[in-house]
Amino acid sequence: MIARPGGAAVLAEVGAGLRGPHVPRILDEKPAVSWFELLTDNHLAEGGALRFQAEAIAERYPVTLHGVGMSLGGADALDTDYLRKVKGLADRTGAALVSEHLAFTCHAGWHVHELLPIPWTEECLRHVSERVRVAQDRLGRQILIENISAYFEFESSSLSETQFLEALCEETGCGMLLDVNNIFVNAANHGFDALDYLRHVPWRHVGEIHLAGHSRKGDLLVDTHAGPVSQEVLELYLQTQVYAADVPVLIEWDNDLPEWPVLLREVRQIEALRVSAARKIA
Amino acid sequence: MDEPLHAALVATVCRGPDTDRSGSRMRAVRGPDAAARIDVYRDSIRSLHIGTLGRAFPVCRGVLGEDYWGQLIATLVRCHGSDSGDLNRYGDFLPDALGSAQVIRPELAEFPYLQCLAHLEWRIHLAKLAQDDDAGNWRRFATLSPAAQGACSLRTSHALSILRSVYPIDVIWSRHTHPGLPADNLPGPVCLCIHREGRFGIGVSRLASRESGIIEAIMAGATVTQLERHSQGMSAGDITNTVIEWIGQGWITGYESGADDA
């Protein structure tokens with residue numbers, strides 16, 4: 001078995017993204033879910049219900065943190081106050097993993113809170129590597145970096161996304177969070193082969209996998225997290241089991257949020273899928 | 001890093017078609033679907049910001065109606081970006097932006113209290129996020145000599161703030177947030193105390209003039225002895241009873257020893 005990055009070893013099987021409306025029911029019913037992922041940016045408050053929710057869930061389940069505000073691909077200086085808050089949240093909740101995105105979300109003090117793509121160049125790699133190193137130093141832990149859905153690419157890119165991510169992991173010691181839905185969306189929108197992408201993923205660095213739903217807008221697929229994981233994405237996920245059957249997987253559902261039992265059914269479906277895939281591989 | 005590219009991209013996705021200066025440097029942005037690809041980002045950012053403000057200002061949204069609110073906010077967010085990586089902090093500009101909008105949008109004259117109401121909602125939003133308070137050591141306070149007690153200053157809850165308005169915005173807020181409950185038709189002007197109620201709830205309490213004098217003096221760092229000066233003629237016993245009541249309500253959470261007690 002490959003040694004997985006960071007705290008992935010303490011996570012098992014299938015986790016669910018924690019969303020505020022589900023928290024009271026989860027705390028009340030204590031459903032059998034292996035772990036929950038907290039959206040870092042939702043729980044940075046110094047007090048109140050959001051802070052309580054994070055800590056209450058962390059008392060009962062293993063948790064991970066997944067953020068969008070670090071702007072690791074950005075040109076602005078890293079926000080040390082933001083990093084301090086993330087570290088505080090990670091320490092309080094005993095987060096098994098902390099993850100971010102290969103993107104920028106801020107420029108000249110303007111935070112868009114949206115994952116904007118960066119060019120995959122050597123210069124950009126050096127820049128992001130330095131920022132990842134600083135972030136990991138400040139947090140006192142390894143972070144995982146996720147591949148994003150990008151609706152355009154840059155002409156200046158001289159590396160592939162997987163080459164960029166592999167080099168980033170090698171140079172900084174960070175891990176990779178592989179979002180299978182993002183690969184599927186990008187493959188459709190940019191016309192590449194998703195299976196070929198999987199063949200080039202630096203699997204030894206992958207510490208977590210994400211699954212989510214997408215939507216169609218005209219000719220484009222959009223990573224909306226507004227529905228169940230599509231059959232095509234599930235099939236692509238099954239292909240990852242050849243390379244990374246032991247990697248924990250998480251379901252994200254953010255928009256048009258269903259009642260908790262619907263999301264729990266999704267978790268059970270993926271759990272069954274993993275068992276089935278393991279049998280086939282064995 | 002290619003800073004001009006970042007700047008152009010942020011301007012493109014945040015502000016509008018007239019600022020689309022980065023497209024020529026990107027693959028898959030040219031051609032018939034170029035606008036659609038940019039619009040994915042624009043739509044996502046716009047809906048995120050509008051949704052965030054809608055959750056922080058639910059009563060203003062309700063007063064103006066969903067359609068008008070959505071149209072007004074879509075205009076305002078183009079000029080007022082988020083200056084923090086913490087999205088919970090986005091919205092402090094809105095009260096004053098609504099005030100400015102009232103100057104140029106005659107239809108908003110119908111809602112002269114809008115800016116004050118937005119200030120109230122922002123204070124409520126911040127109170128929800130404020131640091132939780134530690135319990136004060138009142139047993140120790142009780143062991144201090146009267147002189148030492150008098151030299152102490154009192155500490156208010158991190159969530160507590162005071163807001164004044166010429167309009168009865170507390171009544172408007174109550175009617176929208178608790179539509180089933182009878183609301184007193186009290187007139188303005190008002191001095192309001194925004195505070196935690198229970199562990200996570202938020203209360204908005206109207207203060208009498210004498211009460212507001214005391215709580216504002218406490219927030220400004222006045223000692224216990226100095227409170228009488230700000231109480232507009234309240235007796236020492238009434239001031240003590242008021243402070244004890246506020247301790248019970250969690251408005252006052254501790255004390256700082258004066259020099260005599262150090």
# chains A, B, ... in the order shown; residues from 1 in each chain; ligands from 1

$ interface_residues --of "chain A" --to "chain B" --cutoff "8 Å" --atoms "only C-alpha atoms" --output "NGL selection string"
:A and (41-42 or 44-50 or 69-70 or 74-75 or 79 or 82 or 106-114 or 123-124 or 127 or 151-156 or 190 or 219-220 or 222)

$ residues_around --residues "region 224-236 of chain B" --least-positions-apart "5" --cutoff "10 Å" --atoms "only C-alpha atoms" --output "ChimeraX atom specification"
/B:146-154,209-218,241-243,255,258

$ closest_residue --among "B:Ile194, B:Leu144, B:Leu76, B:Ala135" --to "Ser100 (chain B)" --atoms "only C-alpha atoms"
B:Leu76

$ select_by_dssp --residues "region 148-248 of chain B" --states "alpha helix (DSSP H)" --output "PyMOL selection string"
chain B and resi 148-151+169-177+209-219+236-248

$ select_by_dssp --residues "region 115-146 of chain A" --states "strand (DSSP E)" --output "list in words"
Leu115, Leu116, Leu144, Ile145 and Glu146 of chain A

$ atom_distance --atom1 "CA of Gln136 (chain A)" --atom2 "CA of Val185 (chain A)"
29.2 Å

$ atom_distance --atom1 "CA of His210 (chain A)" --atom2 "CA of Leu83 (chain A)"
23.1 Å

$ closest_residue --among "A:Leu195, A:Leu102, A:Val134, A:Val33" --to "Leu165 (chain A)" --atoms "only C-alpha atoms"
A:Leu102

$ residues_around --residues "Tyr113 (chain B)" --least-positions-apart "6" --cutoff "9 Å" --atoms "only C-alpha atoms" --output "mmCIF file with all heavy atoms, in the first residue's frame"
data_model
loop_
_atom_site.group_PDB
_atom_site.id
_atom_site.type_symbol
_atom_site.label_atom_id
_atom_site.label_comp_id
_atom_site.auth_asym_id
_atom_site.auth_seq_id
_atom_site.Cartn_x
_atom_site.Cartn_y
_atom_site.Cartn_z
ATOM 1 N N SER B 165 -30.788 55.700 16.299
ATOM 2 C CA SER B 165 -31.464 56.049 15.051
ATOM 3 C C SER B 165 -32.644 56.961 15.347
ATOM 4 O O SER B 165 -33.251 56.861 16.423
ATOM 5 C CB SER B 165 -31.961 54.782 14.342
ATOM 6 O OG SER B 165 -32.764 55.126 13.229
ATOM 7 N N VAL B 166 -32.960 57.798 14.403
ATOM 8 C CA VAL B 166 -34.163 58.629 14.576
ATOM 9 C C VAL B 166 -35.408 57.824 14.240
ATOM 10 O O VAL B 166 -36.531 58.245 14.525
ATOM 11 C CB VAL B 166 -34.113 59.898 13.691
ATOM 12 C CG1 VAL B 166 -32.970 60.797 14.137
ATOM 13 C CG2 VAL B 166 -33.973 59.541 12.226
ATOM 14 N N TYR B 167 -35.227 56.653 13.647
ATOM 15 C CA TYR B 167 -36.374 55.825 13.238
ATOM 16 C C TYR B 167 -36.547 54.634 14.182
ATOM 17 O O TYR B 167 -35.553 54.128 14.731
ATOM 18 C CB TYR B 167 -36.175 55.293 11.815
ATOM 19 C CG TYR B 167 -35.930 56.385 10.803
ATOM 20 C CD1 TYR B 167 -34.655 56.620 10.294
ATOM 21 C CD2 TYR B 167 -36.973 57.198 10.380
ATOM 22 C CE1 TYR B 167 -34.422 57.630 9.380
ATOM 23 C CE2 TYR B 167 -36.749 58.222 9.463
ATOM 24 C CZ TYR B 167 -35.467 58.427 8.966
ATOM 25 O OH TYR B 167 -35.246 59.440 8.064
ATOM 26 N N PRO B 168 -37.775 54.152 14.337
ATOM 27 C CA PRO B 168 -38.011 52.985 15.208
ATOM 28 C C PRO B 168 -37.625 51.692 14.487
ATOM 29 O O PRO B 168 -38.473 50.821 14.221
ATOM 30 C CB PRO B 168 -39.520 53.069 15.477
ATOM 31 C CG PRO B 168 -40.091 53.731 14.273
ATOM 32 C CD PRO B 168 -39.040 54.699 13.780
ATOM 33 N N ILE B 169 -36.346 51.540 14.202
ATOM 34 C CA ILE B 169 -35.905 50.403 13.383
ATOM 35 C C ILE B 169 -36.040 49.074 14.125
ATOM 36 O O ILE B 169 -36.139 48.023 13.498
ATOM 37 C CB ILE B 169 -34.441 50.599 12.903
ATOM 38 C CG1 ILE B 169 -33.541 51.008 14.064
ATOM 39 C CG2 ILE B 169 -34.379 51.604 11.768
ATOM 40 C CD1 ILE B 169 -32.079 51.137 13.704
#

$ atom_distance --atom1 "CA of Ser47 (chain B)" --atom2 "CA of Glu55 (chain A)"
28.9 Å

$ closest_residue --among "B:Gly198, B:Gly65, B:Pro58, B:Gly70" --to "Leu117 (chain B)" --atoms "only C-alpha atoms"
B:Pro58

$ residues_around --residues "region 245-257 of chain A" --least-positions-apart "4" --cutoff "6 Å" --atoms "only C-alpha atoms" --output "list in words"
Ala12, Glu13, Val14, Gly15, Ala16, Gly17, Glu208, Ile209, His210, Leu211, Ala212, His225, Ala226 and Gln241 of chain A

$ residues_around --residues "Thr253 (chain B)" --least-positions-apart "2" --cutoff "10 Å" --atoms "only C-alpha atoms" --output "list of chain:residue names"
B:Asp133, B:Asp134, B:Ala135, B:Gly136, B:Asn137, B:Trp138, B:Leu154, B:Arg155, B:Thr156, B:Ser157, B:His158, B:Trp246, B:Ile247, B:Gly248, B:Gln249, B:Gly250, B:Trp251, B:Tyr255
